[in-house]
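Here is the file data_36.cif (mmCIF, C-alpha atoms).
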```
data_protein
loop_
_atom_site.group_PDB
_atom_site.id
_atom_site.type_symbol
_atom_site.label_atom_id
_atom_site.label_comp_id
_atom_site.auth_asym_id
_atom_site.auth_seq_id
_atom_site.Cartn_x
_atom_site.Cartn_y
_atom_site.Cartn_z
ATOM 1 C CA MET A 735 14.326 -16.352 60.544
ATOM 2 C CA LYS A 736 11.423 -14.080 61.356
ATOM 3 C CA THR A 737 13.121 -11.212 59.473
ATOM 4 C CA LEU A 738 13.705 -13.451 56.446
ATOM 5 C CA LYS A 739 10.016 -14.430 56.335
ATOM 6 C CA ARG A 740 9.040 -10.772 56.577
ATOM 7 C CA TRP A 741 11.351 -9.861 53.640
ATOM 8 C CA CYS A 742 9.983 -12.736 51.571
ATOM 9 C CA ALA A 743 6.447 -11.511 52.203
ATOM 10 C CA VAL A 744 7.353 -7.948 51.195
ATOM 11 C CA LEU A 745 9.107 -9.107 48.012
ATOM 12 C CA SER A 746 6.140 -11.315 47.116
ATOM 13 C CA VAL A 747 3.742 -8.394 47.449
ATOM 14 C CA VAL A 748 6.011 -6.163 45.338
ATOM 15 C CA PHE A 749 6.399 -8.858 42.651
ATOM 16 C CA VAL A 750 2.679 -9.610 42.441
ATOM 17 C CA SER A 751 1.728 -5.918 42.301
ATOM 18 C CA ALA A 752 4.328 -5.317 39.570
ATOM 19 C CA VAL A 753 3.060 -8.236 37.475
ATOM 20 C CA VAL A 754 -0.524 -7.068 37.846
ATOM 21 C CA SER A 755 0.260 -3.413 37.034
ATOM 22 C CA VAL A 756 2.382 -4.009 33.876
ATOM 23 C CA PRO A 757 -0.436 -5.136 31.554
ATOM 24 C CA ALA A 758 -2.571 -2.258 32.794
ATOM 25 C CA GLN A 759 0.127 0.309 31.836
ATOM 26 C CA GLN A 760 0.679 -1.020 28.304
ATOM 27 C CA PRO A 761 -1.335 0.823 25.655
ATOM 28 C CA SER A 762 -3.447 -1.369 23.470
ATOM 29 C CA PRO A 763 -1.640 -1.943 20.157
ATOM 30 C CA GLN A 764 -4.789 -1.262 18.159
ATOM 31 C CA SER A 765 -5.260 2.231 19.592
ATOM 32 C CA SER A 766 -1.631 3.472 19.221
ATOM 33 C CA GLN A 767 -0.655 1.831 15.929
ATOM 34 C CA PRO A 768 -1.335 4.020 12.869
ATOM 35 C CA THR A 769 -2.780 2.162 9.923
ATOM 36 C CA GLN A 770 -1.911 2.423 6.230
ATOM 37 C CA GLN A 771 -3.997 4.998 4.335
ATOM 38 C CA ASN A 772 -5.484 4.294 0.939
ATOM 39 C CA GLU A 773 -6.801 7.821 0.349
ATOM 40 C CA PHE A 774 -6.579 11.350 1.780
ATOM 41 C CA ILE A 775 -9.834 12.931 2.927
ATOM 42 C CA PRO A 776 -9.885 16.769 2.904
ATOM 43 C CA ILE A 777 -11.333 18.930 5.702
ATOM 44 C CA ASP A 778 -12.015 22.680 5.722
ATOM 45 C CA GLN A 779 -10.849 23.639 9.219
ATOM 46 C CA LEU A 780 -7.777 22.487 11.100
ATOM 47 C CA PRO A 781 -8.337 21.445 14.745
ATOM 48 C CA PRO A 782 -6.553 24.024 17.011
ATOM 49 C CA GLN A 783 -4.448 21.382 18.798
ATOM 50 C CA GLU A 784 -3.005 20.302 15.425
ATOM 51 C CA GLN A 785 -1.594 23.683 14.443
ATOM 52 C CA LEU A 786 1.265 24.334 16.857
ATOM 53 C CA ALA A 787 2.651 20.803 17.018
ATOM 54 C CA ALA A 788 2.922 20.411 13.241
ATOM 55 C CA ALA A 789 4.084 23.930 12.326
ATOM 56 C CA PRO A 790 7.815 23.529 13.169
ATOM 57 C CA LEU A 791 7.985 20.264 11.218
ATOM 58 C CA LEU A 792 6.202 21.786 8.219
ATOM 59 C CA ILE A 793 8.289 24.964 8.217
ATOM 60 C CA GLY A 794 11.463 22.927 8.750
ATOM 61 C CA ALA A 795 10.673 20.718 5.755
ATOM 62 C CA TYR A 796 9.948 23.664 3.442
ATOM 63 C CA VAL A 797 12.981 25.654 4.561
ATOM 64 C CA PHE A 798 15.208 22.598 4.122
ATOM 65 C CA VAL A 799 13.938 21.917 0.575
ATOM 66 C CA LEU A 800 14.286 25.534 -0.562
ATOM 67 C CA ALA A 801 17.705 25.945 1.097
ATOM 68 C CA VAL A 802 19.125 22.741 -0.448
ATOM 69 C CA LEU A 803 17.812 23.658 -3.905
ATOM 70 C CA PHE A 804 19.182 27.203 -3.605
ATOM 71 C CA LEU A 805 22.609 25.980 -2.485
ATOM 72 C CA TYR A 806 22.730 23.383 -5.261
ATOM 73 C CA VAL A 807 21.852 25.977 -7.927
ATOM 74 C CA LEU A 808 24.583 28.239 -6.499
ATOM 75 C CA SER A 809 27.062 25.344 -6.533
ATOM 76 C CA VAL A 810 26.324 24.459 -10.181
ATOM 77 C CA ALA A 811 26.470 28.134 -11.227
ATOM 78 C CA ARG A 812 29.836 28.555 -9.466
ATOM 79 C CA ARG A 813 31.260 25.425 -11.119
ATOM 80 C CA LEU A 814 30.010 26.597 -14.526
ATOM 81 C CA THR A 815 31.580 30.035 -14.029
ATOM 82 C CA ASN A 816 34.911 28.529 -12.956
ATOM 83 C CA VAL A 817 35.129 26.099 -15.849
ATOM 84 C CA GLN A 818 34.122 28.817 -18.315
ATOM 85 C CA ARG A 819 36.826 31.090 -16.919
ATOM 86 C CA GLU A 820 39.428 28.323 -17.251
ATOM 87 C CA LEU A 821 38.296 27.640 -20.804
ATOM 88 C CA ASP A 822 38.681 31.303 -21.741
ATOM 89 C CA ARG A 823 42.124 31.405 -20.165
ATOM 90 C CA LEU A 824 43.229 28.310 -22.084
ATOM 91 C CA ASP A 825 41.837 29.710 -25.338
ATOM 92 C CA THR A 826 43.862 32.881 -24.790
ATOM 93 C CA THR A 827 46.990 30.859 -23.982
ATOM 94 C CA ILE A 828 46.644 28.751 -27.130
ATOM 95 C CA LYS A 829 46.124 31.843 -29.282
ATOM 96 C CA GLN A 830 49.318 33.305 -27.799
ATOM 97 C CA GLY A 831 51.104 30.070 -28.737
ATOM 98 C CA GLY A 832 52.266 28.747 -25.383
ATOM 99 C CA ARG A 833 51.260 27.348 -22.012
ATOM 100 C CA ALA A 834 50.596 29.611 -19.003
ATOM 101 C CA MET B 656 16.521 30.419 -19.901
ATOM 102 C CA ALA B 657 12.759 30.913 -20.241
ATOM 103 C CA VAL B 658 12.175 27.510 -18.627
ATOM 104 C CA ALA B 659 14.436 28.504 -15.721
ATOM 105 C CA VAL B 660 12.476 31.737 -15.172
ATOM 106 C CA VAL B 661 9.115 29.928 -15.299
ATOM 107 C CA CYS B 662 10.458 27.260 -12.954
ATOM 108 C CA GLY B 663 11.790 29.844 -10.485
ATOM 109 C CA ALA B 664 8.477 31.726 -10.505
ATOM 110 C CA MET B 665 6.509 28.513 -9.954
ATOM 111 C CA LEU B 666 8.800 27.499 -7.095
ATOM 112 C CA ALA B 667 8.403 30.951 -5.506
ATOM 113 C CA ILE B 668 4.597 30.848 -5.569
ATOM 114 C CA SER B 669 4.282 27.150 -4.718
ATOM 115 C CA PRO B 670 3.920 27.799 -0.938
ATOM 116 C CA LEU B 671 0.924 30.041 -1.685
ATOM 117 C CA VAL B 672 -0.673 27.366 -3.860
ATOM 118 C CA ILE B 673 -0.041 24.768 -1.142
ATOM 119 C CA ALA B 674 -1.512 27.075 1.524
ATOM 120 C CA SER B 675 -4.791 27.104 -0.418
ATOM 121 C CA ALA B 676 -5.047 23.287 -0.295
ATOM 122 C CA ASP B 677 -7.470 21.613 2.115
ATOM 123 C CA TYR B 678 -6.151 20.002 5.292
ATOM 124 C CA GLU B 679 -6.126 16.215 5.476
ATOM 125 C CA SER B 680 -8.636 14.887 8.009
ATOM 126 C CA THR B 681 -6.357 12.638 10.097
ATOM 127 C CA MET B 682 -2.923 14.273 9.712
ATOM 128 C CA GLY B 683 -3.898 17.953 9.566
ATOM 129 C CA LEU B 684 -1.273 20.630 8.880
ATOM 130 C CA VAL B 685 1.760 18.320 8.688
ATOM 131 C CA GLN B 686 0.300 16.510 5.654
ATOM 132 C CA LYS B 687 1.172 19.618 3.612
ATOM 133 C CA ILE B 688 4.783 18.379 3.581
ATOM 134 C CA PHE B 689 3.378 15.903 1.028
ATOM 135 C CA TYR B 690 3.338 18.622 -1.680
ATOM 136 C CA TYR B 691 7.138 18.869 -1.622
ATOM 137 C CA HIS B 692 7.906 15.331 -0.432
ATOM 138 C CA MET B 693 6.154 13.447 -3.218
ATOM 139 C CA PRO B 694 7.450 15.533 -6.170
ATOM 140 C CA SER B 695 10.962 15.226 -4.685
ATOM 141 C CA ALA B 696 10.505 11.460 -4.476
ATOM 142 C CA TRP B 697 9.239 11.226 -8.054
ATOM 143 C CA ILE B 698 12.186 13.253 -9.360
ATOM 144 C CA PHE B 699 14.500 11.121 -7.207
ATOM 145 C CA LEU B 700 13.189 8.006 -8.992
ATOM 146 C CA THR B 701 13.141 9.713 -12.412
ATOM 147 C CA ALA B 702 16.755 10.833 -12.004
ATOM 148 C CA SER B 703 17.704 7.247 -11.049
ATOM 149 C CA ILE B 704 16.117 6.004 -14.282
ATOM 150 C CA VAL B 705 17.829 8.737 -16.366
ATOM 151 C CA CYS B 706 21.171 7.875 -14.742
ATOM 152 C CA GLY B 707 20.631 4.154 -15.380
ATOM 153 C CA VAL B 708 19.508 4.532 -19.015
ATOM 154 C CA ALA B 709 22.375 6.918 -19.818
ATOM 155 C CA SER B 710 24.786 4.464 -18.169
ATOM 156 C CA ILE B 711 23.451 1.586 -20.295
ATOM 157 C CA ARG B 712 23.882 3.681 -23.427
ATOM 158 C CA TYR B 713 27.396 4.625 -22.352
ATOM 159 C CA LEU B 714 28.312 0.995 -21.704
ATOM 160 C CA MET B 715 26.925 -0.032 -25.098
ATOM 161 C CA THR B 716 28.287 2.813 -27.253
ATOM 162 C CA GLY B 717 31.170 4.299 -25.254
ATOM 163 C CA ASP B 718 29.868 7.765 -26.190
ATOM 164 C CA PRO B 719 31.071 10.237 -23.490
ATOM 165 C CA ARG B 720 27.913 12.356 -23.934
ATOM 166 C CA HIS B 721 25.875 9.583 -22.282
ATOM 167 C CA ASP B 722 28.442 9.368 -19.497
ATOM 168 C CA ARG B 723 28.105 13.099 -18.849
ATOM 169 C CA THR B 724 24.302 12.787 -18.712
ATOM 170 C CA ALA B 725 24.614 9.861 -16.289
ATOM 171 C CA LEU B 726 26.950 11.810 -14.017
ATOM 172 C CA ALA B 727 24.653 14.864 -14.012
ATOM 173 C CA ALA B 728 21.601 12.691 -13.263
ATOM 174 C CA GLY B 729 23.513 10.813 -10.550
ATOM 175 C CA GLU B 730 24.181 14.056 -8.732
ATOM 176 C CA LEU B 731 20.499 14.964 -8.960
ATOM 177 C CA VAL B 732 19.563 11.556 -7.522
ATOM 178 C CA VAL B 733 21.581 12.472 -4.435
ATOM 179 C CA VAL B 734 20.054 15.972 -4.181
ATOM 180 C CA PHE B 735 16.406 14.958 -4.641
ATOM 181 C CA GLY B 736 16.925 11.778 -2.624
ATOM 182 C CA LEU B 737 18.197 13.893 0.252
ATOM 183 C CA LEU B 738 15.080 16.098 0.038
ATOM 184 C CA THR B 739 12.862 13.000 0.057
ATOM 185 C CA LEU B 740 14.676 11.317 2.927
ATOM 186 C CA VAL B 741 14.570 14.446 5.106
ATOM 187 C CA THR B 742 11.021 15.674 4.416
ATOM 188 C CA GLY B 743 9.580 12.153 4.837
ATOM 189 C CA PRO B 744 10.756 11.696 8.441
ATOM 190 C CA LEU B 745 9.605 15.241 9.354
ATOM 191 C CA TRP B 746 6.132 14.280 8.151
ATOM 192 C CA ALA B 747 6.342 10.857 9.816
ATOM 193 C CA ARG B 748 7.258 12.365 13.201
ATOM 194 C CA LYS B 749 3.777 13.841 13.487
ATOM 195 C CA ALA B 750 1.807 11.349 11.426
ATOM 196 C CA TRP B 751 3.327 8.109 12.789
ATOM 197 C CA GLY B 752 4.898 9.300 16.048
ATOM 198 C CA THR B 753 8.419 8.389 14.909
ATOM 199 C CA PHE B 754 10.965 9.796 12.458
ATOM 200 C CA TRP B 755 11.810 6.492 10.813
ATOM 201 C CA ILE B 756 10.514 2.976 10.351
ATOM 202 C CA TRP B 757 12.497 0.260 8.591
ATOM 203 C CA ASP B 758 9.767 -0.740 6.171
ATOM 204 C CA ALA B 759 10.293 -1.717 2.512
ATOM 205 C CA ARG B 760 9.668 1.788 1.079
ATOM 206 C CA THR B 761 11.921 3.783 3.383
ATOM 207 C CA THR B 762 14.689 1.166 3.470
ATOM 208 C CA SER B 763 14.792 0.671 -0.303
ATOM 209 C CA SER B 764 14.772 4.454 -0.832
ATOM 210 C CA LEU B 765 17.713 4.810 1.552
ATOM 211 C CA VAL B 766 19.565 1.994 -0.276
ATOM 212 C CA SER B 767 18.933 3.682 -3.631
ATOM 213 C CA TRP B 768 20.229 7.004 -2.298
ATOM 214 C CA MET B 769 23.339 5.288 -0.909
ATOM 215 C CA ILE B 770 23.954 3.631 -4.305
ATOM 216 C CA ALA B 771 23.837 7.116 -5.896
ATOM 217 C CA CYS B 772 26.285 8.418 -3.264
ATOM 218 C CA ALA B 773 28.579 5.449 -4.004
ATOM 219 C CA TYR B 774 28.289 6.257 -7.729
ATOM 220 C CA LEU B 775 29.438 9.855 -7.160
ATOM 221 C CA ILE B 776 32.252 8.821 -4.804
ATOM 222 C CA LEU B 777 33.454 6.293 -7.382
ATOM 223 C CA ARG B 778 33.361 8.942 -10.111
ATOM 224 C CA ARG B 779 35.221 11.425 -7.918
ATOM 225 C CA TYR B 780 37.922 9.182 -6.439
ATOM 226 C CA GLY B 781 37.895 6.065 -8.657
ATOM 227 C CA GLY B 782 40.562 7.324 -11.031
ATOM 228 C CA PRO B 783 40.808 6.651 -14.782
ATOM 229 C CA GLY B 784 38.504 3.903 -16.023
ATOM 230 C CA SER B 785 36.073 4.191 -13.122
ATOM 231 C CA GLU B 786 33.367 5.476 -15.485
ATOM 232 C CA LYS B 787 32.403 1.975 -16.610
ATOM 233 C CA LEU B 788 32.424 0.575 -13.094
ATOM 234 C CA ALA B 789 30.248 3.492 -11.935
ATOM 235 C CA ALA B 790 27.903 2.936 -14.905
ATOM 236 C CA ALA B 791 27.407 -0.660 -13.798
ATOM 237 C CA LEU B 792 26.659 0.587 -10.281
ATOM 238 C CA ALA B 793 24.032 2.984 -11.686
ATOM 239 C CA LEU B 794 22.177 -0.025 -13.116
ATOM 240 C CA PHE B 795 21.619 -1.320 -9.582
ATOM 241 C CA GLY B 796 20.198 2.077 -8.622
ATOM 242 C CA MET B 797 17.793 1.977 -11.557
ATOM 243 C CA ALA B 798 16.786 -1.642 -10.881
ATOM 244 C CA ASN B 799 15.720 -0.584 -7.391
ATOM 245 C CA VAL B 800 13.185 1.993 -8.686
ATOM 246 C CA PRO B 801 10.216 -0.340 -9.462
ATOM 247 C CA PHE B 802 10.757 -2.045 -6.116
ATOM 248 C CA ILE B 803 10.573 1.320 -4.301
ATOM 249 C CA TYR B 804 7.385 2.271 -6.142
ATOM 250 C CA ILE B 805 5.390 -0.922 -5.590
ATOM 251 C CA SER B 806 6.759 -1.709 -2.130
ATOM 252 C CA VAL B 807 3.918 0.073 -0.298
ATOM 253 C CA ASN B 808 1.325 -2.047 -2.076
ATOM 254 C CA TYR B 809 2.906 -5.462 -1.478
ATOM 255 C CA TRP B 810 4.667 -5.268 1.893
ATOM 256 C CA ARG B 811 3.209 -4.428 5.289
ATOM 257 C CA THR B 812 3.741 -0.720 6.010
ATOM 258 C CA ILE B 813 1.973 2.375 7.316
ATOM 259 C CA HIS B 814 3.381 4.515 4.490
ATOM 260 C CA PRO B 815 0.477 5.855 2.349
ATOM 261 C CA ALA B 816 -0.264 3.608 -0.636
ATOM 262 C CA THR B 817 0.149 4.610 -4.296
ATOM 263 C CA SER B 818 -3.667 4.762 -4.584
ATOM 264 C CA VAL B 819 -3.644 8.074 -2.647
ATOM 265 C CA VAL B 820 -2.700 10.240 -5.646
ATOM 266 C CA PRO B 821 -5.400 9.106 -8.130
ATOM 267 C CA LYS B 822 -8.066 9.569 -5.426
ATOM 268 C CA LEU B 823 -7.059 13.138 -4.500
ATOM 269 C CA PRO B 824 -9.856 15.733 -4.802
ATOM 270 C CA PHE B 825 -9.167 18.833 -6.924
ATOM 271 C CA THR B 826 -8.358 21.006 -3.877
ATOM 272 C CA MET B 827 -5.458 18.713 -3.014
ATOM 273 C CA GLY B 828 -4.655 17.447 -6.509
ATOM 274 C CA PHE B 829 -4.062 20.869 -8.064
ATOM 275 C CA PRO B 830 -1.311 21.930 -5.601
ATOM 276 C CA LEU B 831 0.293 18.497 -5.950
ATOM 277 C CA TRP B 832 0.442 18.579 -9.763
ATOM 278 C CA PHE B 833 1.571 22.211 -9.654
ATOM 279 C CA CYS B 834 4.523 21.146 -7.492
ATOM 280 C CA VAL B 835 5.193 18.054 -9.634
ATOM 281 C CA ILE B 836 5.455 20.258 -12.763
ATOM 282 C CA THR B 837 7.645 22.742 -10.859
ATOM 283 C CA PHE B 838 10.041 20.040 -9.673
ATOM 284 C CA ALA B 839 10.078 18.390 -13.121
ATOM 285 C CA LEU B 840 11.040 21.709 -14.754
ATOM 286 C CA LEU B 841 13.638 22.240 -12.062
ATOM 287 C CA PHE B 842 15.065 18.796 -12.780
ATOM 288 C CA ILE B 843 15.319 19.559 -16.517
ATOM 289 C CA VAL B 844 17.003 22.929 -15.887
ATOM 290 C CA LEU B 845 19.474 21.508 -13.354
ATOM 291 C CA LEU B 846 20.244 18.487 -15.546
ATOM 292 C CA LYS B 847 21.007 20.727 -18.529
ATOM 293 C CA LEU B 848 23.173 23.037 -16.412
ATOM 294 C CA ARG B 849 25.065 20.126 -14.888
ATOM 295 C CA VAL B 850 25.628 18.504 -18.293
ATOM 296 C CA ARG B 851 26.893 21.871 -19.535
ATOM 297 C CA VAL B 852 29.460 21.937 -16.710
ATOM 298 C CA GLU B 853 30.703 18.479 -17.738
ATOM 299 C CA GLU B 854 30.849 19.455 -21.433
ATOM 300 C CA GLN B 855 32.919 22.525 -20.662
ATOM 301 C CA GLN B 856 35.149 20.489 -18.359
ATOM 302 C CA ALA B 857 35.708 17.984 -21.204
ATOM 303 C CA ARG B 858 36.726 20.875 -23.480
ATOM 304 C CA VAL B 859 39.160 22.124 -20.813
ATOM 305 C CA ASP B 860 40.676 18.629 -20.500
ATOM 306 C CA ALA B 861 40.998 18.390 -24.299
ATOM 307 C CA LEU B 862 42.738 21.768 -24.440
ATOM 308 C CA TYR B 863 45.213 20.729 -21.725
ATOM 309 C CA LEU B 864 45.982 17.559 -23.694
ATOM 310 C CA SER B 865 46.548 19.550 -26.889
ATOM 311 C CA LEU B 866 48.905 21.879 -24.984
ATOM 312 C CA ASP B 867 50.841 18.900 -23.605
ATOM 313 C CA GLU B 868 51.255 17.459 -27.088
ATOM 314 C CA ARG B 869 52.938 20.634 -28.380
#
```
Structure rendered as C-alpha cells:
Amino acid sequence: MKTLKRWCAVLSVVFVSAVVSVPAQQPSPQSSQPTQQNEFIPIDQLPPQEQLAAAPLLIGAYVFVLAVLFLYVLSVARRLTNVQRELDRLDTTIKQGGRA
Amino acid sequence: MAVAVVCGAMLAISPLVIASADYESTMGLVQKIFYYHMPSAWIFLTASIVCGVASIRYLMTGDPRHDRTALAAGELVVVFGLLTLVTGPLWARKAWGTFWIWDARTTSSLVSWMIACAYLILRRYGGPGSEKLAAALALFGMANVPFIYISVNYWRTIHPATSVVPKLPFTMGFPLWFCVITFALLFIVLLKLRVRVEEQQARVDALYLSLDER
C-alpha cells in the first residue's frame, strides 16, 4: 500500500511537470508562420548566414531546369531525325516501286 | 533558326543577368529561383491554353493540324509544369521551411500537370479514336488555368500574390522579363519543332498506307 502511494505520487509529479512544460516548448504560431507577401523588397547585400543554406537549393533548381530543357531538346531532335530518316527511306522505296 | 539561336544565347547568359539582380530582403539568395520558376509557370499555363484552344478547334473542325498543335503543346505543359513543380518546392524549402503545402495554388497546379500527363498517356496508349477523348480532357486542363492564376488572391496561402510582379523595381524586373522572353522564345521554338515531328510522322503514316494499298 505504501509502495502504491509512492508510485502514485511520482506519476502525479511527472504528469504535472509534463503538462506544464508542453506549452512552454511550443513555438508561438505568430513567430514561426510565414506570411503571404504582396511585394518583394530589394536589398544590396546578402546576410552571410543566408548564403550557404540557400546555395544548394538555388544551384539545384538552376541545374534541374537547364538539364531538363537540354534533355527535352535532345529528345525532340532525335525524334525529328528518326522520322526524317524513315520518311527518306519510304520515299526511296516508293520510287523503286515496292515495299522494303 | 535565328529565333533558336537568339533563344539559346539568351538562355546561356540568363544566369549572369539573374546574378546582377538585387537580393530580396526577407528570402535572400533563394529568391533568385523566382527568375526561372515564374517564367516556367507562365509558359506552363500558356501551353495549357494553347493545348486547350487547339483541342477545341480540332473538335469543331476535325482538322488534324490542330490536333498536332494540341499534342505538341500538351507535351510542353508536362515539361514546363515539371520545371515549375520542382523549382517551387526548392524555393519553398528555404522560404517557408517546407517543400510543399497543399494550398490552392500548388494543388491546382499539380492537378493541371496531372491532367496533361493523362492527356499524353491517353494519346500514347488510347488507340485509334483517342484523339477526341484526349481533346476533351485538354479542355479541363485549360479550364483550370484561371483558377491557378487567381487562387493566391482569393484563398488563404503563403504563396506570393500576383501583385508582386507589377511592384518589382527595375533591378529585379529586368532579369525577370529577360527570362520571361527567353522562356517564351524557347516555347515557340520547341512547339514548332514538336509540331514538325508530328507532321513528318503523319507523312510517314500516309506513305505506309499508300504502300499497303498497292
(Q) I need the chain A residues near chain B as a PyMOL selection string; criterion: at most 6 Å, counting all atoms listed in the file. (A) chain A and resi 769-773+775-778+788+791-792+795+799+814+821
Q. Exactly which residues make up the result of the PyMOL selection byres ((chain B and resi 770-775) around 12) on this file, given as a ChimeraX atom specification?
A. /B:699-700,702-704,706-707,710,725-737,763-769,776-781,785-800
Exercise: residues within 7 Å of coordinate (9.0, -2.1, -1.7), counting all atoms listed in the file, as a compact mmCIF listing (two decimals) with C-alpha atoms, keeping the file's coordinate frame:
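The resulting file, result-v1.txt, is shown below:
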```txt
# COMPACT_ATOMS: atom_id res chain seq x y z
CA ALA B 759 10.29 -1.72 2.51
CA ARG B 760 9.67 1.79 1.08
CA SER B 763 14.79 0.67 -0.30
CA PHE B 802 10.76 -2.04 -6.12
CA ILE B 803 10.57 1.32 -4.30
CA TYR B 804 7.38 2.27 -6.14
CA ILE B 805 5.39 -0.92 -5.59
CA SER B 806 6.76 -1.71 -2.13
CA VAL B 807 3.92 0.07 -0.30
CA TYR B 809 2.91 -5.46 -1.48
CA TRP B 810 4.67 -5.27 1.89
```
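Pairwise distance (CA of Asn816 (chain A), CA of Gly782 (chain B)) equals 22.0 Å.
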Q | Distance in Å - CA of Ala789 (chain A) versus CA of Phe838 (chain B) | A | 23.1 Å
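The spacing separating CA of Leu840 (chain B) from CA of Val658 (chain B) amounts to 7.1 Å.
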